[in-house]
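Let me begin by presenting the structure, written as structure tokens, before commenting on it.
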Amino acid sequence: MVRKVTLYTRRGCHLCDEAKRAIDTARRRNFFDYEEFDIDSDSQLRQLYNEEVPVIAIDGRKAFKYRLTAGELLKKLEARS
């Protein structure tokens, strides 16, 4: 089963940029679907995640907020397999 990783982000967020780099590194080591949403373009997402970005979900369930490493993401992906 192919996992889906979702990043909830916003422009100008340095932690979001770090999360994107970690996700890109993880994608070079393991295949998974990836999607990204700017919370400022959706009022419902902004209400949910305004103070927590970046938020990273795996298969629709929150897995990380603020920081992650590629290794941590890969471990969670494997654990949820």
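All residue names refer to the structure tokens as shown: chains lettered A, B, ... in order, residues numbered from 1 in each chain, ligands numbered from 1 in order.
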
Next item on the list: Would you list the contacts of Asp38 of chain A as a ChimeraX atom specification, taking every protein, DNA or RNA residue within 12 Å and counting only C-alpha atoms, but skipping same-chain residues closer than 4 positions in sequence?
Entry: /A:6-13,16,42-46,49-50,53-55

Kindly save the residues from that selection, with all heavy atoms included, as a compact mmCIF listing (two decimals), in the first residue's frame.
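Output contents, as saved in part_17.txt:
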# COMPACT_ATOMS: atom_id res chain seq x y z
N THR A 6 1.16 14.34 3.72
CA THR A 6 0.60 15.66 3.45
C THR A 6 1.30 16.69 4.32
O THR A 6 1.43 16.48 5.53
CB THR A 6 -0.91 15.68 3.76
OG1 THR A 6 -1.55 14.63 3.03
CG2 THR A 6 -1.53 17.02 3.38
N LEU A 7 1.74 17.76 3.70
CA LEU A 7 2.37 18.87 4.42
C LEU A 7 1.42 20.06 4.40
O LEU A 7 1.00 20.52 3.33
CB LEU A 7 3.69 19.26 3.75
CG LEU A 7 4.39 20.50 4.30
CD1 LEU A 7 4.79 20.32 5.76
CD2 LEU A 7 5.59 20.86 3.44
N TYR A 8 1.08 20.55 5.59
CA TYR A 8 0.31 21.78 5.73
C TYR A 8 1.32 22.87 6.06
O TYR A 8 2.04 22.78 7.05
CB TYR A 8 -0.74 21.63 6.84
CG TYR A 8 -1.76 20.56 6.50
CD1 TYR A 8 -1.62 19.27 6.99
CD2 TYR A 8 -2.83 20.85 5.65
CE1 TYR A 8 -2.55 18.29 6.66
CE2 TYR A 8 -3.76 19.88 5.32
CZ TYR A 8 -3.61 18.59 5.82
OH TYR A 8 -4.51 17.62 5.48
N THR A 9 1.36 23.89 5.22
CA THR A 9 2.44 24.86 5.25
C THR A 9 1.89 26.27 5.04
O THR A 9 0.69 26.45 4.86
CB THR A 9 3.47 24.49 4.16
OG1 THR A 9 4.59 25.34 4.25
CG2 THR A 9 2.89 24.54 2.76
N ARG A 10 2.80 27.22 5.04
CA ARG A 10 2.46 28.60 4.63
C ARG A 10 3.73 29.27 4.15
O ARG A 10 4.85 28.88 4.52
CB ARG A 10 1.81 29.38 5.76
CG ARG A 10 2.71 29.66 6.93
CD ARG A 10 2.18 30.64 7.98
NE ARG A 10 0.77 30.83 8.03
CZ ARG A 10 0.01 30.72 9.12
NH1 ARG A 10 0.57 30.40 10.27
NH2 ARG A 10 -1.28 30.94 9.08
N ARG A 11 3.56 30.29 3.34
CA ARG A 11 4.71 31.05 2.82
C ARG A 11 5.43 31.76 3.96
O ARG A 11 4.80 32.20 4.92
CB ARG A 11 4.25 32.07 1.80
CG ARG A 11 4.05 31.50 0.43
CD ARG A 11 3.88 32.62 -0.57
NE ARG A 11 2.73 33.44 -0.18
CZ ARG A 11 1.66 33.60 -0.92
NH1 ARG A 11 1.56 33.03 -2.07
NH2 ARG A 11 0.66 34.36 -0.49
N GLY A 12 6.75 31.85 3.82
CA GLY A 12 7.54 32.59 4.79
C GLY A 12 7.81 31.84 6.08
O GLY A 12 8.30 32.42 7.03
N CYS A 13 7.53 30.55 6.10
CA CYS A 13 7.72 29.73 7.30
C CYS A 13 9.02 28.94 7.16
O CYS A 13 9.09 28.01 6.37
CB CYS A 13 6.51 28.79 7.45
SG CYS A 13 6.71 27.48 8.67
N CYS A 16 8.69 25.29 7.84
CA CYS A 16 8.05 24.61 6.71
C CYS A 16 9.09 24.27 5.64
O CYS A 16 9.06 23.17 5.07
CB CYS A 16 6.95 25.47 6.11
SG CYS A 16 5.61 25.85 7.26
N ASP A 42 -6.98 28.51 2.60
CA ASP A 42 -8.22 27.81 2.99
C ASP A 42 -8.52 28.16 4.45
O ASP A 42 -7.77 27.79 5.35
CB ASP A 42 -8.01 26.31 2.82
CG ASP A 42 -9.22 25.48 3.16
OD1 ASP A 42 -9.81 25.67 4.26
OD2 ASP A 42 -9.57 24.59 2.36
N SER A 43 -9.63 28.85 4.68
CA SER A 43 -9.93 29.33 6.04
C SER A 43 -10.09 28.18 7.03
O SER A 43 -9.72 28.31 8.20
CB SER A 43 -11.18 30.21 6.04
OG SER A 43 -12.30 29.48 5.60
N GLN A 44 -10.61 27.05 6.59
CA GLN A 44 -10.77 25.90 7.49
C GLN A 44 -9.41 25.33 7.91
O GLN A 44 -9.19 25.02 9.07
CB GLN A 44 -11.62 24.83 6.80
CG GLN A 44 -12.23 23.84 7.75
CD GLN A 44 -13.24 22.97 7.03
OE1 GLN A 44 -13.12 22.68 5.84
NE2 GLN A 44 -14.25 22.53 7.76
N LEU A 45 -8.50 25.21 6.94
CA LEU A 45 -7.15 24.73 7.27
C LEU A 45 -6.43 25.73 8.17
O LEU A 45 -5.73 25.34 9.10
CB LEU A 45 -6.34 24.49 6.00
CG LEU A 45 -6.75 23.31 5.14
CD1 LEU A 45 -5.91 23.24 3.87
CD2 LEU A 45 -6.68 22.00 5.92
N ARG A 46 -6.60 27.01 7.88
CA ARG A 46 -5.95 28.04 8.73
C ARG A 46 -6.46 27.94 10.16
O ARG A 46 -5.70 28.03 11.12
CB ARG A 46 -6.18 29.43 8.15
CG ARG A 46 -5.37 30.49 8.88
CD ARG A 46 -5.43 31.87 8.22
NE ARG A 46 -6.76 32.29 7.87
CZ ARG A 46 -7.23 32.40 6.62
NH1 ARG A 46 -6.45 32.11 5.59
NH2 ARG A 46 -8.46 32.80 6.39
N TYR A 49 -4.80 24.70 11.73
CA TYR A 49 -3.34 24.57 11.85
C TYR A 49 -2.58 25.88 12.03
O TYR A 49 -1.35 25.88 12.01
CB TYR A 49 -2.79 23.85 10.62
CG TYR A 49 -3.36 22.47 10.42
CD1 TYR A 49 -4.01 22.15 9.24
CD2 TYR A 49 -3.25 21.51 11.40
CE1 TYR A 49 -4.53 20.88 9.05
CE2 TYR A 49 -3.77 20.24 11.22
CZ TYR A 49 -4.40 19.93 10.04
OH TYR A 49 -4.91 18.68 9.86
N ASN A 50 -3.26 26.99 12.22
CA ASN A 50 -2.61 28.30 12.22
C ASN A 50 -1.39 28.38 13.12
O ASN A 50 -0.36 28.92 12.72
CB ASN A 50 -3.61 29.38 12.61
CG ASN A 50 -3.06 30.76 12.40
OD1 ASN A 50 -2.56 31.08 11.33
ND2 ASN A 50 -3.14 31.58 13.42
N VAL A 53 1.91 25.10 12.16
CA VAL A 53 2.64 24.77 10.94
C VAL A 53 4.13 24.73 11.17
O VAL A 53 4.64 25.48 12.00
CB VAL A 53 2.32 25.74 9.77
CG1 VAL A 53 0.91 25.58 9.30
CG2 VAL A 53 2.65 27.16 10.11
N PRO A 54 4.81 23.85 10.49
CA PRO A 54 4.25 22.87 9.58
C PRO A 54 3.63 21.68 10.32
O PRO A 54 4.10 21.29 11.37
CB PRO A 54 5.45 22.41 8.77
CG PRO A 54 6.61 22.56 9.72
CD PRO A 54 6.27 23.78 10.54
N VAL A 55 2.58 21.14 9.71
CA VAL A 55 1.97 19.91 10.19
C VAL A 55 2.15 18.88 9.08
O VAL A 55 1.90 19.18 7.91
CB VAL A 55 0.48 20.09 10.52
CG1 VAL A 55 -0.19 18.76 10.81
CG2 VAL A 55 0.31 21.04 11.70

Checklist line | Nearest-residue call for Lys65 of chain A, choices A:Met1, A:Glu36, A:Ala19, A:Ser41, using only C-alpha atoms | finding: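 Of A:Met1, A:Glu36, A:Ala19, A:Ser41, the one nearest Lys65 of chain A, counting only C-alpha atoms, is A:Ala19.
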
Residues within 12 Å of segment 60-63 of chain A, please, as an mmCIF file with C-alpha atoms, in the first residue's frame. Count only C-alpha atoms; anything in the same chain fewer than 2 positions from it doesn't count.
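Generated file (out21.cif):
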data_model
loop_
_atom_site.group_PDB
_atom_site.id
_atom_site.type_symbol
_atom_site.label_atom_id
_atom_site.label_comp_id
_atom_site.auth_asym_id
_atom_site.auth_seq_id
_atom_site.Cartn_x
_atom_site.Cartn_y
_atom_site.Cartn_z
ATOM 1 C CA ARG A 3 1.343 5.878 1.890
ATOM 2 C CA LYS A 4 0.345 9.514 1.469
ATOM 3 C CA VAL A 5 2.281 12.265 3.210
ATOM 4 C CA THR A 6 0.599 15.658 3.445
ATOM 5 C CA LEU A 7 2.366 18.866 4.416
ATOM 6 C CA TYR A 8 0.307 21.776 5.735
ATOM 7 C CA ASP A 33 2.572 9.969 -2.441
ATOM 8 C CA TYR A 34 3.024 13.588 -1.438
ATOM 9 C CA GLU A 35 0.711 16.561 -1.337
ATOM 10 C CA LEU A 48 -7.091 24.030 12.247
ATOM 11 C CA TYR A 49 -3.344 24.572 11.854
ATOM 12 C CA GLU A 52 1.105 24.549 14.415
ATOM 13 C CA VAL A 53 2.643 24.772 10.936
ATOM 14 C CA PRO A 54 4.250 22.868 9.576
ATOM 15 C CA VAL A 55 1.972 19.906 10.189
ATOM 16 C CA ILE A 56 2.792 16.619 8.492
ATOM 17 C CA ALA A 57 0.113 13.947 8.175
ATOM 18 C CA ILE A 58 0.478 10.344 7.078
ATOM 19 C CA LYS A 65 4.236 19.297 13.806
ATOM 20 C CA TYR A 66 6.978 21.926 13.752
ATOM 21 C CA ARG A 67 9.971 19.643 13.066
ATOM 22 C CA LEU A 68 10.905 16.265 11.634
ATOM 23 C CA GLU A 72 11.853 10.027 11.679
ATOM 24 C CA LEU A 73 9.438 10.224 8.746
ATOM 25 C CA LEU A 74 10.723 6.975 7.257
ATOM 26 C CA LYS A 75 10.363 5.213 10.647
ATOM 27 C CA LYS A 76 6.735 6.374 11.011
ATOM 28 C CA LEU A 77 5.954 5.330 7.451
ATOM 29 C CA ALA A 79 5.575 1.564 11.483
ATOM 30 C CA ARG A 80 2.230 2.374 9.874
#

Check: Could you pull out the strand (DSSP E) residues of segment 30-74 of chain A from DSSP and send them as a list in words?
Finding: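 Output for segment 30-74 of chain A, strand (DSSP E) only: Asp33, Tyr34, Glu35, Glu36, Phe37, Asp38, Val55, Ile56, Ala57, Ile58, Arg61, Lys62, Ala63, Phe64 and Lys65 of chain A.
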
Saved selection, atoms kept: all heavy atoms, as a tab-separated table (two decimals), in the first residue's frame:
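Output contents, as saved in again00.tsv:
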chain	number	residue	atom	x	y	z
A	33	ASP	N	3.26	8.84	-1.83
A	33	ASP	CA	2.57	9.97	-2.44
A	33	ASP	C	2.77	11.19	-1.55
A	33	ASP	O	2.85	11.06	-0.33
A	33	ASP	CB	1.08	9.68	-2.59
A	33	ASP	CG	0.79	8.68	-3.70
A	33	ASP	OD1	1.60	8.56	-4.63
A	33	ASP	OD2	-0.27	8.03	-3.63
A	34	TYR	N	2.79	12.35	-2.18
A	34	TYR	CA	3.02	13.59	-1.44
A	34	TYR	C	2.08	14.66	-1.93
A	34	TYR	O	1.85	14.82	-3.14
A	34	TYR	CB	4.48	14.04	-1.63
A	34	TYR	CG	4.78	15.38	-1.03
A	34	TYR	CD1	4.84	15.55	0.34
A	34	TYR	CD2	4.99	16.50	-1.84
A	34	TYR	CE1	5.12	16.79	0.90
A	34	TYR	CE2	5.26	17.74	-1.29
A	34	TYR	CZ	5.32	17.87	0.08
A	34	TYR	OH	5.59	19.11	0.62
A	35	GLU	N	1.51	15.40	-1.00
A	35	GLU	CA	0.71	16.56	-1.34
A	35	GLU	C	1.01	17.67	-0.34
A	35	GLU	O	1.44	17.40	0.78
A	35	GLU	CB	-0.78	16.23	-1.37
A	35	GLU	CG	-1.35	15.74	-0.07
A	35	GLU	CD	-2.80	15.30	-0.19
A	35	GLU	OE1	-3.42	15.48	-1.25
A	35	GLU	OE2	-3.31	14.77	0.81
A	36	GLU	N	0.77	18.88	-0.78
A	36	GLU	CA	1.11	20.05	0.04
A	36	GLU	C	-0.04	21.05	-0.05
A	36	GLU	O	-0.57	21.29	-1.13
A	36	GLU	CB	2.39	20.66	-0.51
A	36	GLU	CG	2.94	21.80	0.25
A	36	GLU	CD	4.26	22.27	-0.35
A	36	GLU	OE1	5.15	21.44	-0.61
A	36	GLU	OE2	4.38	23.50	-0.56
A	37	PHE	N	-0.41	21.62	1.10
A	37	PHE	CA	-1.47	22.62	1.15
A	37	PHE	C	-0.99	23.86	1.89
A	37	PHE	O	-0.45	23.74	2.99
A	37	PHE	CB	-2.71	22.08	1.86
A	37	PHE	CG	-3.38	20.95	1.14
A	37	PHE	CD1	-3.17	19.65	1.55
A	37	PHE	CD2	-4.21	21.20	0.06
A	37	PHE	CE1	-3.78	18.60	0.88
A	37	PHE	CE2	-4.82	20.15	-0.61
A	37	PHE	CZ	-4.61	18.86	-0.20
A	38	ASP	N	-1.23	25.02	1.30
A	38	ASP	CA	-0.96	26.30	1.95
A	38	ASP	C	-2.19	26.61	2.80
A	38	ASP	O	-3.28	26.84	2.27
A	38	ASP	CB	-0.73	27.38	0.91
A	38	ASP	CG	-0.42	28.73	1.52
A	38	ASP	OD1	-0.75	28.97	2.71
A	38	ASP	OD2	0.14	29.57	0.80
A	55	VAL	N	2.58	21.14	9.71
A	55	VAL	CA	1.97	19.91	10.19
A	55	VAL	C	2.15	18.88	9.08
A	55	VAL	O	1.90	19.18	7.91
A	55	VAL	CB	0.48	20.09	10.52
A	55	VAL	CG1	-0.19	18.76	10.81
A	55	VAL	CG2	0.31	21.04	11.70
A	56	ILE	N	2.59	17.69	9.45
A	56	ILE	CA	2.79	16.62	8.49
A	56	ILE	C	1.87	15.47	8.89
A	56	ILE	O	1.92	15.00	10.03
A	56	ILE	CB	4.26	16.14	8.47
A	56	ILE	CG1	5.19	17.29	8.05
A	56	ILE	CG2	4.43	14.98	7.50
A	56	ILE	CD1	5.67	18.15	9.18
A	57	ALA	N	1.03	15.06	7.94
A	57	ALA	CA	0.11	13.95	8.17
A	57	ALA	C	0.53	12.76	7.32
A	57	ALA	O	1.07	12.94	6.22
A	57	ALA	CB	-1.31	14.36	7.83
A	58	ILE	N	0.28	11.58	7.83
A	58	ILE	CA	0.48	10.34	7.08
A	58	ILE	C	-0.89	9.68	6.96
A	58	ILE	O	-1.52	9.40	7.98
A	58	ILE	CB	1.48	9.40	7.77
A	58	ILE	CG1	2.85	10.07	7.88
A	58	ILE	CG2	1.57	8.07	7.02
A	58	ILE	CD1	3.86	9.29	8.70
A	61	ARG	N	-3.65	11.26	9.03
A	61	ARG	CA	-3.50	11.37	10.49
A	61	ARG	C	-2.26	12.17	10.82
A	61	ARG	O	-1.17	11.90	10.30
A	61	ARG	CB	-3.39	9.98	11.11
A	61	ARG	CG	-4.70	9.19	10.99
A	61	ARG	CD	-4.61	7.81	11.58
A	61	ARG	NE	-4.17	7.84	12.96
A	61	ARG	CZ	-3.46	6.88	13.53
A	61	ARG	NH1	-3.11	5.80	12.84
A	61	ARG	NH2	-3.10	6.98	14.79
A	62	LYS	N	-2.41	13.17	11.70
A	62	LYS	CA	-1.27	14.01	12.08
A	62	LYS	C	-0.15	13.15	12.65
A	62	LYS	O	-0.37	12.36	13.56
A	62	LYS	CB	-1.71	15.05	13.11
A	62	LYS	CG	-0.64	16.08	13.40
A	62	LYS	CD	-0.97	16.99	14.56
A	62	LYS	CE	-2.19	17.82	14.35
A	62	LYS	NZ	-2.39	18.79	15.46
A	63	ALA	N	1.04	13.32	12.09
A	63	ALA	CA	2.20	12.54	12.53
A	63	ALA	C	3.27	13.43	13.15
A	63	ALA	O	3.99	12.99	14.05
A	63	ALA	CB	2.78	11.76	11.35
A	64	PHE	N	3.40	14.67	12.66
A	64	PHE	CA	4.42	15.59	13.15
A	64	PHE	C	3.88	17.01	13.11
A	64	PHE	O	3.02	17.33	12.29
A	64	PHE	CB	5.67	15.58	12.25
A	64	PHE	CG	6.37	14.26	12.14
A	64	PHE	CD1	6.08	13.41	11.09
A	64	PHE	CD2	7.32	13.88	13.06
A	64	PHE	CE1	6.73	12.20	10.95
A	64	PHE	CE2	7.98	12.67	12.94
A	64	PHE	CZ	7.68	11.82	11.89
A	65	LYS	N	4.42	17.86	13.96
A	65	LYS	CA	4.24	19.30	13.81
A	65	LYS	C	5.55	19.97	14.18
A	65	LYS	O	6.33	19.44	14.95
A	65	LYS	CB	3.06	19.82	14.63
A	65	LYS	CG	3.20	19.72	16.11
A	65	LYS	CD	1.96	20.30	16.77
A	65	LYS	CE	2.11	20.26	18.27
A	65	LYS	NZ	0.94	20.82	18.94

Next item on the list: Please report, as JSON, numbers by chain, each residue of chain A to which DSSP assigns helix (DSSP H, G or I) when run on this structure's backbone.
Entry: {"A": [14, 15, 16, 17, 18, 19, 20, 21, 22, 23, 24, 25, 26, 27, 28, 29, 39, 40, 41, 43, 44, 45, 46, 47, 48, 49, 70, 71, 72, 73, 74, 75, 76, 77, 78, 79]}

Same residues, N, CA and C atoms, saved as a short mmCIF file (atom, residue, chain, number, x, y, z; two decimals), in the first residue's frame:
data_model
loop_
_atom_site.label_atom_id
_atom_site.label_comp_id
_atom_site.auth_asym_id
_atom_site.auth_seq_id
_atom_site.Cartn_x
_atom_site.Cartn_y
_atom_site.Cartn_z
N HIS A 14 10.04 29.30 7.94
CA HIS A 14 11.33 28.61 7.81
C HIS A 14 11.25 27.16 8.28
N LEU A 15 10.41 26.87 9.27
CA LEU A 15 10.25 25.47 9.70
C LEU A 15 9.58 24.66 8.59
N CYS A 16 8.69 25.29 7.84
CA CYS A 16 8.05 24.61 6.71
C CYS A 16 9.09 24.27 5.64
N ASP A 17 10.00 25.18 5.38
CA ASP A 17 11.07 24.92 4.41
C ASP A 17 11.94 23.75 4.87
N GLU A 18 12.24 23.70 6.15
CA GLU A 18 13.03 22.58 6.69
C GLU A 18 12.26 21.26 6.55
N ALA A 19 10.96 21.30 6.82
CA ALA A 19 10.13 20.09 6.69
C ALA A 19 10.11 19.61 5.25
N LYS A 20 10.00 20.53 4.29
CA LYS A 20 10.01 20.16 2.87
C LYS A 20 11.31 19.48 2.50
N ARG A 21 12.42 19.99 2.99
CA ARG A 21 13.72 19.37 2.69
C ARG A 21 13.79 17.96 3.28
N ALA A 22 13.29 17.78 4.50
CA ALA A 22 13.29 16.45 5.12
C ALA A 22 12.41 15.48 4.33
N ILE A 23 11.26 15.96 3.89
CA ILE A 23 10.36 15.12 3.10
C ILE A 23 11.01 14.76 1.77
N ASP A 24 11.65 15.73 1.11
CA ASP A 24 12.34 15.45 -0.16
C ASP A 24 13.43 14.40 0.03
N THR A 25 14.18 14.50 1.11
CA THR A 25 15.22 13.50 1.40
C THR A 25 14.60 12.13 1.60
N ALA A 26 13.52 12.06 2.36
CA ALA A 26 12.85 10.78 2.60
C ALA A 26 12.31 10.19 1.30
N ARG A 27 11.82 11.03 0.40
CA ARG A 27 11.27 10.53 -0.87
C ARG A 27 12.36 9.93 -1.75
N ARG A 28 13.58 10.33 -1.58
CA ARG A 28 14.67 9.74 -2.35
C ARG A 28 15.01 8.33 -1.83
N ARG A 29 14.61 8.03 -0.60
CA ARG A 29 14.91 6.74 0.02
C ARG A 29 13.74 5.77 -0.02
N ILE A 39 -2.03 26.62 4.12
CA ILE A 39 -3.19 26.80 5.00
C ILE A 39 -3.82 28.19 4.85
N ASP A 40 -3.04 29.16 4.37
CA ASP A 40 -3.57 30.51 4.24
C ASP A 40 -4.52 30.65 3.05
N SER A 41 -4.59 29.62 2.20
CA SER A 41 -5.50 29.68 1.05
C SER A 41 -6.84 29.01 1.38
N SER A 43 -9.63 28.85 4.68
CA SER A 43 -9.93 29.33 6.04
C SER A 43 -10.09 28.18 7.03
N GLN A 44 -10.61 27.05 6.59
CA GLN A 44 -10.77 25.90 7.49
C GLN A 44 -9.41 25.33 7.91
N LEU A 45 -8.50 25.21 6.94
CA LEU A 45 -7.15 24.73 7.27
C LEU A 45 -6.43 25.73 8.17
N ARG A 46 -6.60 27.01 7.88
CA ARG A 46 -5.95 28.04 8.73
C ARG A 46 -6.46 27.94 10.16
N GLN A 47 -7.76 27.72 10.32
CA GLN A 47 -8.33 27.59 11.66
C GLN A 47 -7.77 26.36 12.38
N LEU A 48 -7.61 25.26 11.65
CA LEU A 48 -7.09 24.03 12.25
C LEU A 48 -5.61 24.11 12.62
N TYR A 49 -4.80 24.70 11.73
CA TYR A 49 -3.34 24.57 11.85
C TYR A 49 -2.58 25.88 12.03
N ALA A 70 14.18 13.31 8.04
CA ALA A 70 13.86 12.28 7.05
C ALA A 70 13.80 10.91 7.72
N GLY A 71 14.74 10.64 8.62
CA GLY A 71 14.77 9.35 9.32
C GLY A 71 13.53 9.12 10.16
N GLU A 72 13.07 10.16 10.86
CA GLU A 72 11.85 10.03 11.68
C GLU A 72 10.63 9.75 10.80
N LEU A 73 10.55 10.44 9.66
CA LEU A 73 9.44 10.22 8.75
C LEU A 73 9.46 8.80 8.21
N LEU A 74 10.61 8.33 7.80
CA LEU A 74 10.72 6.98 7.26
C LEU A 74 10.33 5.93 8.32
N LYS A 75 10.74 6.14 9.57
CA LYS A 75 10.36 5.21 10.65
C LYS A 75 8.85 5.16 10.84
N LYS A 76 8.20 6.34 10.83
CA LYS A 76 6.73 6.37 11.01
C LYS A 76 6.04 5.73 9.82
N LEU A 77 6.55 5.96 8.62
CA LEU A 77 5.95 5.33 7.45
C LEU A 77 6.04 3.81 7.54
N GLU A 78 7.17 3.33 7.97
CA GLU A 78 7.35 1.88 8.12
C GLU A 78 6.47 1.32 9.24
N ALA A 79 6.37 2.03 10.34
CA ALA A 79 5.58 1.56 11.48
C ALA A 79 4.09 1.49 11.14
#
